[in-house]
Structure formats: structure tokens, C-alpha cells
$ cat run29.csv   # CSV, C-alpha atoms
chain,number,residue,atom,x,y,z
A,827,GLU,CA,-1.4,-72.0,-60.1
A,828,PRO,CA,-0.1,-69.3,-62.4
A,829,ALA,CA,0.9,-70.6,-65.8
A,830,ALA,CA,4.6,-71.4,-66.0
A,831,ALA,CA,6.3,-68.4,-67.6
A,832,PRO,CA,8.6,-69.3,-70.5
A,833,ALA,CA,12.1,-69.6,-69.1
A,834,SER,CA,13.6,-66.2,-69.9
A,835,SER,CA,17.4,-66.1,-70.5
A,836,ALA,CA,17.6,-63.2,-68.0
A,837,ALA,CA,16.2,-65.1,-65.0
A,838,ALA,CA,18.6,-67.9,-64.8
A,839,PRO,CA,21.9,-66.0,-64.4
A,840,ALA,CA,20.4,-63.7,-61.7
A,841,ALA,CA,19.3,-66.7,-59.7
A,842,ALA,CA,22.6,-68.5,-60.1
A,843,ALA,CA,24.5,-65.4,-59.0
A,844,GLY,CA,22.4,-65.1,-55.8
A,845,GLY,CA,24.8,-67.2,-53.7
A,846,THR,CA,27.5,-64.5,-53.9
A,847,ASP,CA,25.2,-61.5,-54.0
A,848,ASN,CA,22.9,-62.1,-51.0
A,849,ASP,CA,25.5,-61.3,-48.4
A,850,LYS,CA,26.6,-58.1,-50.1
A,851,PRO,CA,25.3,-54.9,-48.4
A,852,GLY,CA,21.9,-53.9,-49.7
A,853,THR,CA,19.1,-51.6,-48.5
A,854,LYS,CA,19.4,-50.7,-44.8
A,855,VAL,CA,17.0,-52.8,-42.7
A,856,VAL,CA,15.9,-52.2,-39.1
A,857,ILE,CA,15.0,-55.7,-37.6
A,858,GLY,CA,12.9,-55.7,-34.5
A,859,PHE,CA,13.3,-58.7,-32.2
A,860,SER,CA,11.2,-60.1,-29.4
A,861,ALA,CA,11.7,-63.3,-27.4
A,862,PRO,CA,10.9,-64.8,-24.0
A,863,ALA,CA,13.2,-64.1,-21.0
A,864,ALA,CA,16.2,-66.5,-20.8
A,865,ASP,CA,15.1,-68.9,-18.0
A,866,HIS,CA,17.2,-71.6,-19.5
A,867,GLY,CA,20.2,-72.1,-21.9
A,868,TRP,CA,18.2,-72.7,-25.0
A,869,ILE,CA,16.3,-69.4,-24.9
A,870,ALA,CA,19.5,-67.5,-23.9
A,871,ALA,CA,21.1,-68.9,-27.0
A,872,ILE,CA,18.1,-67.9,-29.2
A,873,THR,CA,18.8,-64.2,-28.3
A,874,LYS,CA,22.6,-64.5,-28.6
A,875,ASN,CA,22.3,-66.2,-32.0
A,876,ALA,CA,20.0,-63.5,-33.3
A,877,GLN,CA,22.4,-60.7,-32.1
A,878,ASP,CA,25.4,-62.4,-33.6
A,879,ALA,CA,23.8,-62.9,-37.0
A,880,ALA,CA,22.7,-59.2,-37.1
A,881,LYS,CA,26.3,-58.1,-36.4
A,882,GLN,CA,27.5,-59.8,-39.6
A,883,TYR,CA,25.6,-57.3,-41.8
A,884,SER,CA,26.5,-53.6,-42.2
A,885,ASP,CA,23.0,-53.1,-43.6
A,886,VAL,CA,21.1,-54.5,-40.5
A,887,GLU,CA,20.2,-52.5,-37.4
A,888,PHE,CA,19.2,-54.9,-34.7
A,889,LYS,CA,16.4,-53.5,-32.4
A,890,PRO,CA,15.7,-55.9,-29.6
A,891,VAL,CA,13.0,-55.3,-27.0
A,892,GLU,CA,13.3,-56.3,-23.3
A,893,PRO,CA,12.8,-60.1,-23.2
A,894,THR,CA,9.9,-61.1,-21.0
A,895,ASN,CA,7.8,-64.1,-20.0
A,896,ASP,CA,4.8,-61.9,-19.4
A,897,ILE,CA,2.3,-62.1,-22.4
A,898,ASN,CA,1.0,-58.5,-22.0
A,899,GLN,CA,4.5,-57.1,-21.8
A,900,GLN,CA,5.5,-59.0,-24.9
A,901,ILE,CA,2.5,-57.6,-26.7
A,902,SER,CA,3.3,-54.0,-25.7
A,903,ALA,CA,6.9,-54.5,-26.7
A,904,VAL,CA,5.9,-55.7,-30.2
A,905,GLU,CA,3.5,-52.8,-30.4
A,906,SER,CA,6.4,-50.4,-29.7
A,907,LEU,CA,8.4,-51.9,-32.6
A,908,ILE,CA,5.3,-51.5,-34.9
A,909,ALA,CA,5.1,-47.9,-33.8
A,910,ALA,CA,8.8,-47.4,-34.5
A,911,LYS,CA,8.1,-48.6,-38.1
A,912,VAL,CA,10.8,-51.3,-38.2
A,913,GLY,CA,11.6,-52.9,-41.5
A,914,ALA,CA,10.9,-56.4,-40.3
A,915,LEU,CA,10.1,-58.3,-37.1
A,916,VAL,CA,11.4,-61.5,-35.7
A,917,ILE,CA,9.2,-62.9,-32.9
A,918,LEU,CA,9.5,-66.0,-30.8
A,919,PRO,CA,6.2,-65.6,-28.9
A,920,ASN,CA,5.7,-66.8,-25.4
A,921,ASP,CA,2.4,-68.2,-26.7
A,922,GLY,CA,1.6,-68.2,-30.5
A,923,GLU,CA,-2.1,-68.0,-29.9
A,924,GLN,CA,-2.0,-65.0,-27.5
A,925,LEU,CA,0.4,-63.0,-29.7
A,926,ASN,CA,-1.4,-63.8,-32.9
A,927,GLN,CA,-3.3,-60.5,-33.0
A,928,VAL,CA,-0.3,-58.2,-32.5
A,929,ALA,CA,1.7,-60.1,-35.1
A,930,ARG,CA,-1.3,-59.6,-37.5
A,931,LYS,CA,-1.3,-55.9,-36.7
A,932,ALA,CA,2.4,-55.8,-37.8
A,933,MET,CA,1.7,-57.6,-41.0
A,934,ASP,CA,-1.3,-55.3,-41.7
A,935,ALA,CA,1.0,-52.3,-41.2
A,936,GLY,CA,3.3,-53.7,-43.9
A,937,ILE,CA,6.0,-55.1,-41.6
A,938,PRO,CA,6.9,-58.6,-42.6
A,939,VAL,CA,7.0,-60.9,-39.5
A,940,VAL,CA,9.4,-63.9,-39.3
A,941,ASN,CA,7.7,-66.2,-36.8
A,942,LEU,CA,10.3,-68.2,-34.8
A,943,ASP,CA,9.5,-71.6,-33.5
A,944,ARG,CA,6.2,-71.3,-31.5
A,945,VAL,CA,3.7,-70.8,-34.4
A,946,PHE,CA,1.0,-68.2,-34.8
A,947,PRO,CA,-2.2,-70.0,-35.6
A,948,ASP,CA,-3.2,-67.5,-38.3
A,949,LYS,CA,-1.1,-67.6,-41.5
A,950,LEU,CA,-2.0,-63.9,-42.1
A,951,SER,CA,0.0,-63.1,-39.0
A,952,TYR,CA,3.4,-64.0,-40.4
A,953,ARG,CA,5.3,-63.9,-43.7
A,954,THR,CA,7.6,-66.8,-42.9
A,955,TRP,CA,7.8,-69.4,-40.1
A,956,ILE,CA,11.1,-71.1,-39.2
A,957,GLY,CA,11.4,-73.6,-36.4
A,958,GLY,CA,12.4,-77.1,-35.3
A,959,ASP,CA,10.8,-80.4,-36.1
A,960,ASN,CA,9.4,-81.7,-32.9
A,961,TYR,CA,8.0,-84.9,-34.4
A,962,GLY,CA,11.2,-85.4,-36.2
A,963,MET,CA,13.2,-85.0,-33.0
A,964,GLY,CA,11.2,-87.9,-31.4
A,965,VAL,CA,11.7,-90.0,-34.6
A,966,ALA,CA,15.5,-89.3,-34.4
A,967,ALA,CA,15.6,-90.3,-30.7
A,968,GLY,CA,13.4,-93.4,-31.2
A,969,THR,CA,15.5,-94.5,-34.2
A,970,TYR,CA,18.8,-94.2,-32.4
A,971,ILE,CA,17.4,-96.1,-29.3
A,972,GLY,CA,15.5,-98.7,-31.4
A,973,LYS,CA,18.5,-99.5,-33.6
A,974,THR,CA,21.0,-99.6,-30.8
A,975,LEU,CA,18.8,-102.1,-28.8
A,976,LYS,CA,18.1,-104.1,-31.9
A,977,ASP,CA,21.8,-104.3,-32.7
A,978,LYS,CA,22.5,-105.5,-29.1
A,979,GLY,CA,19.8,-108.1,-29.5
A,980,VAL,CA,17.8,-106.9,-26.5
A,981,SER,CA,14.2,-108.1,-26.4
A,982,ASN,CA,11.4,-106.5,-24.3
A,983,PRO,CA,13.6,-103.5,-23.4
A,984,VAL,CA,12.7,-101.1,-20.5
A,985,ILE,CA,12.6,-97.7,-22.3
A,986,LEU,CA,11.9,-94.6,-20.2
A,987,GLU,CA,10.9,-91.2,-21.5
A,988,ILE,CA,11.5,-87.9,-19.6
A,989,GLN,CA,9.5,-85.2,-21.3
A,990,GLY,CA,9.6,-81.4,-21.0
A,991,ILE,CA,6.2,-79.9,-20.2
A,992,ALA,CA,3.6,-82.6,-21.0
A,993,THR,CA,0.8,-80.3,-21.9
A,994,LEU,CA,2.6,-78.5,-24.7
A,995,PRO,CA,1.8,-79.5,-28.3
A,996,LEU,CA,5.5,-79.6,-29.0
A,997,THR,CA,6.1,-82.2,-26.3
A,998,GLN,CA,3.2,-84.3,-27.6
A,999,ASP,CA,4.7,-84.2,-31.1
A,1000,ARG,CA,8.0,-85.3,-29.7
A,1001,SER,CA,6.5,-88.2,-27.8
A,1002,LYS,CA,4.4,-89.2,-30.9
A,1003,GLY,CA,7.5,-89.3,-33.1
A,1004,PHE,CA,9.4,-91.3,-30.4
A,1005,ALA,CA,6.6,-93.9,-30.1
A,1006,ASP,CA,6.2,-94.2,-33.9
A,1007,ALA,CA,9.9,-94.8,-34.4
A,1008,LEU,CA,10.2,-97.3,-31.6
A,1009,LYS,CA,7.2,-99.2,-33.0
A,1010,THR,CA,9.1,-99.9,-36.2
A,1011,TYR,CA,11.5,-101.9,-34.1
A,1012,GLY,CA,8.7,-103.6,-32.2
A,1013,PHE,CA,9.4,-101.6,-29.0
A,1014,SER,CA,7.3,-99.2,-26.8
A,1015,VAL,CA,7.8,-96.8,-24.0
A,1016,THR,CA,7.7,-98.5,-20.5
A,1017,ALA,CA,7.2,-95.3,-18.5
A,1018,GLN,CA,6.9,-91.6,-19.2
A,1019,GLN,CA,7.1,-88.6,-16.9
A,1020,ASP,CA,7.6,-84.9,-17.5
A,1021,ALA,CA,10.3,-82.7,-15.9
A,1022,LYS,CA,9.1,-79.2,-16.8
A,1023,PHE,CA,12.4,-78.2,-18.6
A,1024,THR,CA,14.1,-77.5,-15.3
A,1025,VAL,CA,17.3,-79.0,-13.7
A,1026,GLU,CA,15.6,-79.5,-10.3
A,1027,SER,CA,12.6,-81.3,-11.8
A,1028,GLY,CA,15.0,-83.3,-14.0
A,1029,THR,CA,16.8,-84.6,-10.9
A,1030,GLN,CA,13.5,-85.4,-9.0
A,1031,VAL,CA,11.8,-87.2,-11.9
A,1032,ALA,CA,14.9,-89.2,-12.8
A,1033,SER,CA,15.4,-90.2,-9.1
A,1034,ASN,CA,11.8,-91.5,-9.0
A,1035,LEU,CA,12.1,-93.4,-12.2
A,1036,LEU,CA,15.4,-94.9,-11.2
A,1037,GLN,CA,13.9,-96.1,-8.0
A,1038,ALA,CA,10.8,-97.5,-9.7
A,1039,HIS,CA,12.8,-99.5,-12.4
A,1040,LYS,CA,15.5,-101.8,-11.1
A,1041,LYS,CA,16.8,-102.4,-14.6
A,1042,ILE,CA,16.6,-99.9,-17.5
A,1043,ASP,CA,17.8,-100.3,-21.1
A,1044,ALA,CA,17.4,-96.8,-22.4
A,1045,ILE,CA,16.2,-93.3,-21.5
A,1046,TRP,CA,15.2,-90.5,-23.8
A,1047,ASN,CA,15.3,-87.2,-22.0
A,1048,HIS,CA,13.7,-84.5,-24.2
A,1049,ASP,CA,15.8,-81.5,-23.1
A,1050,ASP,CA,19.5,-81.1,-22.4
A,1051,ASP,CA,19.0,-78.2,-20.0
A,1052,GLN,CA,16.9,-80.5,-17.7
A,1053,GLY,CA,19.3,-83.3,-18.6
A,1054,ILE,CA,21.9,-81.8,-16.2
A,1055,GLY,CA,19.5,-82.7,-13.4
A,1056,VAL,CA,18.7,-86.1,-14.9
A,1057,LEU,CA,22.5,-87.0,-15.2
A,1058,ALA,CA,23.0,-85.8,-11.6
A,1059,ALA,CA,20.4,-88.2,-10.4
A,1060,VAL,CA,21.9,-91.0,-12.4
A,1061,LYS,CA,25.3,-90.3,-10.9
A,1062,GLU,CA,23.8,-90.1,-7.4
A,1063,ALA,CA,22.1,-93.5,-7.9
A,1064,GLY,CA,25.4,-95.0,-9.2
A,1065,ARG,CA,23.5,-96.6,-12.2
A,1066,SER,CA,25.1,-97.2,-15.6
A,1067,GLU,CA,23.4,-100.3,-17.0
A,1068,PHE,CA,21.5,-98.2,-19.6
A,1069,PHE,CA,22.3,-95.6,-22.2
A,1070,MET,CA,20.6,-92.2,-22.5
A,1071,VAL,CA,19.8,-89.9,-25.4
A,1072,GLY,CA,19.3,-86.2,-24.9
A,1073,GLY,CA,17.4,-83.5,-26.8
A,1074,ALA,CA,18.0,-80.0,-28.2
A,1075,GLY,CA,21.8,-80.2,-28.5
A,1076,SER,CA,23.5,-78.3,-25.7
A,1077,ALA,CA,27.3,-77.9,-25.8
A,1078,ASN,CA,27.7,-79.7,-22.5
A,1079,ALA,CA,25.8,-82.6,-23.8
A,1080,MET,CA,28.0,-82.7,-26.9
A,1081,ARG,CA,31.1,-82.6,-24.7
A,1082,ASP,CA,29.8,-85.5,-22.6
A,1083,ILE,CA,28.9,-87.5,-25.7
A,1084,GLY,CA,32.3,-86.8,-27.3
A,1085,ALA,CA,34.2,-87.9,-24.1
A,1086,ASP,CA,32.0,-91.1,-24.0
A,1087,SER,CA,32.6,-91.3,-20.3
A,1088,GLY,CA,29.0,-91.8,-19.0
A,1089,VAL,CA,25.5,-93.0,-19.9
A,1090,LEU,CA,24.8,-90.1,-22.4
A,1091,LYS,CA,25.5,-91.5,-25.9
A,1092,ALA,CA,23.6,-89.2,-28.2
A,1093,THR,CA,21.4,-86.1,-28.4
A,1094,VAL,CA,19.0,-85.0,-31.1
A,1095,THR,CA,19.0,-81.4,-32.2
A,1096,TYR,CA,16.5,-78.7,-31.9
A,1097,SER,CA,19.0,-76.0,-32.5
A,1098,PRO,CA,18.7,-72.3,-31.3
A,1099,THR,CA,20.8,-71.5,-34.5
A,1100,MET,CA,17.3,-71.1,-36.0
A,1101,ALA,CA,17.3,-67.5,-34.5
A,1102,ALA,CA,20.3,-66.6,-36.6
A,1103,SER,CA,18.6,-68.0,-39.7
A,1104,ALA,CA,15.5,-66.0,-38.8
A,1105,ILE,CA,17.5,-62.8,-38.8
A,1106,LYS,CA,19.0,-63.7,-42.2
A,1107,LEU,CA,15.5,-64.4,-43.6
A,1108,ALA,CA,14.0,-61.2,-42.2
A,1109,ARG,CA,16.8,-59.2,-43.9
A,1110,LEU,CA,16.3,-61.0,-47.3
A,1111,ILE,CA,12.5,-60.5,-47.1
A,1112,ALA,CA,12.9,-56.8,-46.3
A,1113,GLN,CA,15.3,-56.5,-49.2
A,1114,GLY,CA,13.1,-58.4,-51.6
A,1115,LYS,CA,15.6,-61.2,-52.1
A,1116,GLY,CA,15.1,-65.0,-52.2
A,1117,LEU,CA,17.2,-67.9,-50.9
A,1118,SER,CA,20.2,-68.2,-53.1
A,1119,ASP,CA,20.1,-72.0,-53.4
A,1120,LEU,CA,16.4,-72.0,-54.5
A,1121,VAL,CA,15.1,-71.1,-57.9
A,1122,GLU,CA,12.3,-69.0,-56.6
A,1123,GLN,CA,12.6,-65.2,-56.2
A,1124,GLN,CA,11.1,-65.1,-52.7
A,1125,VAL,CA,12.0,-66.6,-49.3
A,1126,PRO,CA,9.7,-69.7,-48.6
A,1127,GLN,CA,6.6,-69.4,-46.4
A,1128,SER,CA,7.9,-72.0,-43.9
A,1129,ILE,CA,11.2,-73.7,-43.1
A,1130,THR,CA,11.3,-76.7,-40.8
A,1131,LEU,CA,14.8,-77.6,-39.6
A,1132,THR,CA,15.7,-81.2,-39.5
A,1133,SER,CA,16.6,-82.9,-36.2
A,1134,GLU,CA,20.1,-84.1,-36.4
A,1135,THR,CA,21.6,-87.0,-34.3
A,1136,ILE,CA,24.8,-86.2,-32.5
A,1137,THR,CA,27.0,-89.1,-31.4
A,1138,LYS,CA,30.7,-89.3,-30.4
A,1139,GLU,CA,31.5,-89.6,-34.1
A,1140,ASN,CA,30.3,-86.1,-35.0
A,1141,ALA,CA,30.1,-84.3,-31.6
A,1142,GLN,CA,33.3,-82.3,-32.4
A,1143,LYS,CA,31.8,-81.0,-35.7
A,1144,TYR,CA,28.5,-79.9,-34.0
A,1145,LEU,CA,30.1,-78.3,-30.9
A,1146,PRO,CA,30.2,-74.8,-32.4
A,1147,LEU,CA,26.4,-74.9,-32.8
A,1148,GLY,CA,25.8,-76.1,-29.2
A,1149,PHE,CA,24.4,-73.8,-26.5
A,1150,GLU,CA,25.7,-73.6,-22.9
A,1151,SER,CA,23.2,-74.9,-20.4
$ encode --input "run29.csv" --output "C-alpha cells"
Amino acid sequence: EPAAAPASSAAAPAAAAGGTDNDKPGTKVVIGFSAPAADHGWIAAITKNAQDAAKQYSDVEFKPVEPTNDINQQISAVESLIAAKVGALVILPNDGEQLNQVARKAMDAGIPVVNLDRVFPDKLSYRTWIGGDNYGMGVAAGTYIGKTLKDKGVSNPVILEIQGIATLPLTQDRSKGFADALKTYGFSVTAQQDAKFTVESGTQVASNLLQAHKKIDAIWNHDDDQGIGVLAAVKEAGRSEFFMVGGAGSANAMRDIGADSGVLKATVTYSPTMAASAIKLARLIAQGKGLSDLVEQQVPQSITLTSETITKENAQKYLPLGFES
């Protein structure tokens, strides 16, 4: 640790004024952007949020590359941005491990990388990481379900969990958070199945689970995009004895929750607004600025967004942050 510098009278006013100064036009920055192809609403919203944030600044030139789900194509696209000598890079990798080397190449070339969501294993491959809290998302869902059932006086509840892709570390983190939170209420998951983040699979998995369990108390579905399929199966089966919690925070889920007309009573956020924040961070890093509400001169090395619980009480307030499935 460096020794604490004596508080100089010059430092404080500059830090305090940051709130107003950060948004004022500064040095021109070209921000390169690479993300997977939009195969569902959440990813589509990632790109749109990044674009919209860049438009707010006259000093930012947004340079996106073709979105792709092909690892090699994403690597070449990032290489083209390095060759173009962009001022900063925002990357949501298809796979953090497989894009680790090319991100490192950017950093070695002096281009700061803001790593969005799926993390590069090597800290030398990025300047700052920003993403959601998968474990915290599970905790939020488990807390809402646990408390609701406890308040209703339900004992030995049947709690079902519909995951995204079971093999992903992010899914495992979500499930762990969910199990840990339920445990504090003395509850556990009765059955768990994954629905691959797709609407079709959501319908199929939910149909099977509904058939297998004649009485259900609560369902946590990890992903609001696949939730469209889950809710279609629930409607088809004509079941309504349970309540459901969603995940990620889509606008349609928020509208359903606000209307309070079906089984969906809450969703826990994993918000694609993180892409807009990533653009803002990339701009500040490239301009040598820090976050105005923090005392430090530099942007932090990692920022984990909290998973917020949306219910009918606050659905209206969160709607502008929702994404269309």
C-alpha cells in the first residue's frame, strides 16, 4: 500500500466538482464495441444500450463491429479494432476464456478494455470489469420466495427451479445463491431443470414439470426471455395455484408483474443497462477521469451491479430499464 498522502487542499474541490464535470465534453474518444449476435432480447438490449449511451456524448465516436456468435469471427473483429487504434474497447465476449488472448493483445497495445459481463480469466486482459451479480440474483429470488411462503405459513413447499443453461458457471452461481437463500427459511428446491434460455425450451420444460408435480407452491425461472415459453405452458395447463419469479428484468415481465393478472409476481434484475454503464466507464478511463461519487482519481477495477427485486409496487419505476423479449 502506498503511504497515505497528506490531504492537499487542492485535491478535495476537484473531486467534489467531478459530478458536474464528468459529462462535459472532453478529449475525443473512439470506443470500439464487440458483443454476441442478438439471439434473444437481453443481448439485443446490450447493443442498443451501448449505442444509446455513446450518442449522449459529443466526444465519443462509437465503432461497433458485426455482432457474432462465432468465436473466431469475434476474435478477428476485435483484432480489427486494435489495428484501427481505437481509444478504448468494450467487449462482451462469447466466451471469456477463448477471447482472453485478444483482449490481452489490446491491453498490451495500450488500449484499455472494459470487460462486460462474461469475465476474462486473466486480469491483465482488462482494465475494468462490469457485470451482474449471478449469485446475488439467486439470493434475491430465494429471499422473495422464502419470505412469501413463510408469510403464508406454508410448510414443506414444492419449489421448482427452471435454469438457463445448466453447464454455465453463471447458472451454477444463480442456483447456489437460490439454494443458500431458501435454506435460511428452512426450504429447498424440489426439482430443477434447465431450459437453455429459449422460449421453445421454456415451454417444453415447464410442461414436463407441471405434469410431474400436481401441486406447486413456487417457481423460479432464471430468465425472462425463456419465461415467455414458461408462462405459455402455465396458461396451457390452466394452473394458477403457485406464484412465479422471473429473472433478468424484461419489460414484458415488468408489465405482467405490474398488472398482477397472472402467476408472475416478481423478477430479479440482471440488467442490460450494464452496457450503457460500460460505455460511460470506457470514456472516463480513456479521458483519465474517475467516478465522480468516489474519492479516488481512477475508475475502479471491477463493478458488480446489484440484483434488484421488481414487484408490482415498483414495476412502473423500473419499466424504462426493462428490455423487450
$ residues_around --input "run29.csv" --residues "A:Asp1050" --least-positions-apart "2" --cutoff "7 Å" --atoms "all atoms listed in the file" --output "JSON, numbers by chain"
{"A": [1048, 1052, 1053, 1054, 1072, 1073, 1074, 1075, 1076, 1079]}
$ closest_atom_pairs --input "run29.csv" --of "stretch 1057-1148 of chain A" --to "stretch 962-983 of chain A" --cutoff "12 Å" --atoms "all atoms listed in the file" --output "Markdown table"
| residue | atom | partner | partner_atom | distance |
| --- | --- | --- | --- | --- |
| A:Phe1068 | CA | A:Pro983 | CA | 10.2 |
| A:Phe1069 | CA | A:Ile971 | CA | 8.6 |
| A:Met1070 | CA | A:Ile971 | CA | 8.5 |
| A:Val1071 | CA | A:Ala967 | CA | 6.8 |
| A:Gly1072 | CA | A:Ala967 | CA | 8.0 |
| A:Gly1073 | CA | A:Met963 | CA | 7.6 |
| A:Ala1074 | CA | A:Met963 | CA | 8.4 |
| A:Gly1075 | CA | A:Met963 | CA | 10.8 |
| A:Leu1090 | CA | A:Ile971 | CA | 11.8 |
| A:Lys1091 | CA | A:Tyr970 | CA | 9.7 |
| A:Ala1092 | CA | A:Tyr970 | CA | 8.1 |
| A:Thr1093 | CA | A:Ala967 | CA | 7.5 |
| A:Val1094 | CA | A:Met963 | CA | 6.1 |
| A:Thr1095 | CA | A:Met963 | CA | 6.9 |
| A:Tyr1096 | CA | A:Met963 | CA | 7.2 |
| A:Ser1097 | CA | A:Met963 | CA | 10.7 |
| A:Thr1130 | CA | A:Gly962 | CA | 9.8 |
| A:Leu1131 | CA | A:Gly962 | CA | 9.2 |
| A:Thr1132 | CA | A:Gly962 | CA | 7.0 |
| A:Ser1133 | CA | A:Met963 | CA | 5.1 |
| A:Glu1134 | CA | A:Ala966 | CA | 7.2 |
| A:Thr1135 | CA | A:Ala966 | CA | 6.5 |
| A:Ile1136 | CA | A:Ala966 | CA | 10.0 |
| A:Thr1137 | CA | A:Tyr970 | CA | 9.7 |
$ atom_distance --input "run29.csv" --atom1 "atom CA of A:Leu1120" --atom2 "atom CA of A:Ala876"
23.1 Å
$ closest_residue --input "run29.csv" --among "A:Ile917, A:Met1100, A:Ala1059, A:Val886" --to "A:Thr853" --atoms "only C-alpha atoms"
A:Val886
$ closest_residue --input "run29.csv" --among "A:Arg1109, A:Pro995, A:Ala929, A:Ala1141" --to "A:Lys850" --atoms "all atoms listed in the file"
A:Arg1109
$ atom_distance --input "run29.csv" --atom1 "atom CA of A:Gln882" --atom2 "atom CA of A:Tyr1144"
20.9 Å
$ closest_residue --input "run29.csv" --among "A:Ile956, A:Asp1043, A:Gly1028, A:Val939" --to "A:Leu1057" --atoms "all atoms listed in the file"
A:Gly1028
$ closest_residue --input "run29.csv" --among "A:Val1125, A:Ala1038, A:Ala1101, A:Val1060" --to "A:Ala879" --atoms "only C-alpha atoms"
A:Ala1101
$ atom_distance --input "run29.csv" --atom1 "atom CA of A:Asp934" --atom2 "atom CA of A:Asp921"
20.1 Å
$ closest_residue --input "run29.csv" --among "A:Ser906, A:Gln1019, A:Thr894, A:Asn1047" --to "A:Leu1035" --atoms "all atoms listed in the file"
A:Gln1019
$ closest_residue --input "run29.csv" --among "A:Ala909, A:Ala1032, A:Ala863, A:Leu1008" --to "A:Asn895" --atoms "all atoms listed in the file"
A:Ala863
$ residues_around --input "run29.csv" --residues "A:Lys1106" --least-positions-apart "4" --cutoff "12 Å" --atoms "all atoms listed in the file" --output "ChimeraX atom specification"
/A:848-849,855,857,875-883,885-886,888,914-916,940,954,956,1099-1102,1110-1113,1115-1118,1125
$ axis_aligned_box --input "run29.csv" --around "stretch 1079-1095 of chain A" --padding-each-side "6 Å" --output "lines of an AutoDock Vina configuration file"
center_x = 26.6
center_y = -87.2
center_z = -25.6
size_x = 27.2
size_y = 23.6
size_z = 25.2
$ residues_around --input "run29.csv" --residues "A:Ala1017" --least-positions-apart "5" --cutoff "9 Å" --atoms "all atoms listed in the file" --output "number ranges by chain"
A: 984-988, 1035
$ write_last_selection --input "run29.csv" --atoms "C-alpha atoms" --output "JSON list (two decimals), in the coordinates of the input"
[["chain", "number", "residue", "atom", "x", "y", "z"],
["A", 984, "VAL", "CA", 12.70, -101.10, -20.50],
["A", 985, "ILE", "CA", 12.60, -97.70, -22.30],
["A", 986, "LEU", "CA", 11.90, -94.60, -20.20],
["A", 987, "GLU", "CA", 10.90, -91.20, -21.50],
["A", 988, "ILE", "CA", 11.50, -87.90, -19.60],
["A", 1035, "LEU", "CA", 12.10, -93.40, -12.20]]
$ decode --input "run29.csv" --residues "stretch 966-981 of chain A" --atoms "N, CA and C atoms" --output "CSV table (one decimal), in the first residue's frame"
chain,number,residue,atom,x,y,z
A,966,ALA,N,-31.7,-13.0,-4.3
A,966,ALA,CA,-32.8,-12.2,-4.4
A,966,ALA,C,-34.1,-13.0,-4.7
A,967,ALA,N,-34.0,-14.0,-5.6
A,967,ALA,CA,-35.1,-14.8,-5.9
A,967,ALA,C,-35.5,-15.7,-4.7
A,968,GLY,N,-34.5,-16.3,-4.1
A,968,GLY,CA,-34.7,-17.2,-3.0
A,968,GLY,C,-35.3,-16.5,-1.8
A,969,THR,N,-34.9,-15.2,-1.6
A,969,THR,CA,-35.4,-14.4,-0.5
A,969,THR,C,-36.8,-14.1,-0.7
A,970,TYR,N,-37.2,-13.7,-1.9
A,970,TYR,CA,-38.6,-13.3,-2.2
A,970,TYR,C,-39.5,-14.5,-2.0
A,971,ILE,N,-39.0,-15.7,-2.6
A,971,ILE,CA,-39.9,-16.9,-2.5
A,971,ILE,C,-39.9,-17.4,-1.1
A,972,GLY,N,-38.8,-17.4,-0.4
A,972,GLY,CA,-38.8,-17.9,1.0
A,972,GLY,C,-39.6,-17.1,1.9
A,973,LYS,N,-39.5,-15.7,1.8
A,973,LYS,CA,-40.3,-14.9,2.7
A,973,LYS,C,-41.8,-15.0,2.4
A,974,THR,N,-42.1,-15.0,1.1
A,974,THR,CA,-43.5,-15.1,0.7
A,974,THR,C,-44.2,-16.3,1.3
A,975,LEU,N,-43.5,-17.5,1.1
A,975,LEU,CA,-44.0,-18.7,1.6
A,975,LEU,C,-44.1,-18.8,3.1
A,976,LYS,N,-43.1,-18.2,3.8
A,976,LYS,CA,-43.0,-18.1,5.2
A,976,LYS,C,-44.2,-17.3,5.7
A,977,ASP,N,-44.4,-16.1,5.1
A,977,ASP,CA,-45.6,-15.3,5.5
A,977,ASP,C,-46.9,-15.9,5.3
A,978,LYS,N,-47.0,-16.8,4.3
A,978,LYS,CA,-48.3,-17.5,4.0
A,978,LYS,C,-48.4,-18.7,5.0
A,979,GLY,N,-47.3,-19.0,5.7
A,979,GLY,CA,-47.4,-20.2,6.7
A,979,GLY,C,-47.3,-21.5,6.0
A,980,VAL,N,-46.7,-21.6,4.8
A,980,VAL,CA,-46.6,-22.8,4.1
A,980,VAL,C,-45.4,-23.7,4.6
A,981,SER,N,-45.7,-24.9,4.9
A,981,SER,CA,-44.6,-25.8,5.3
A,981,SER,C,-44.3,-26.8,4.3
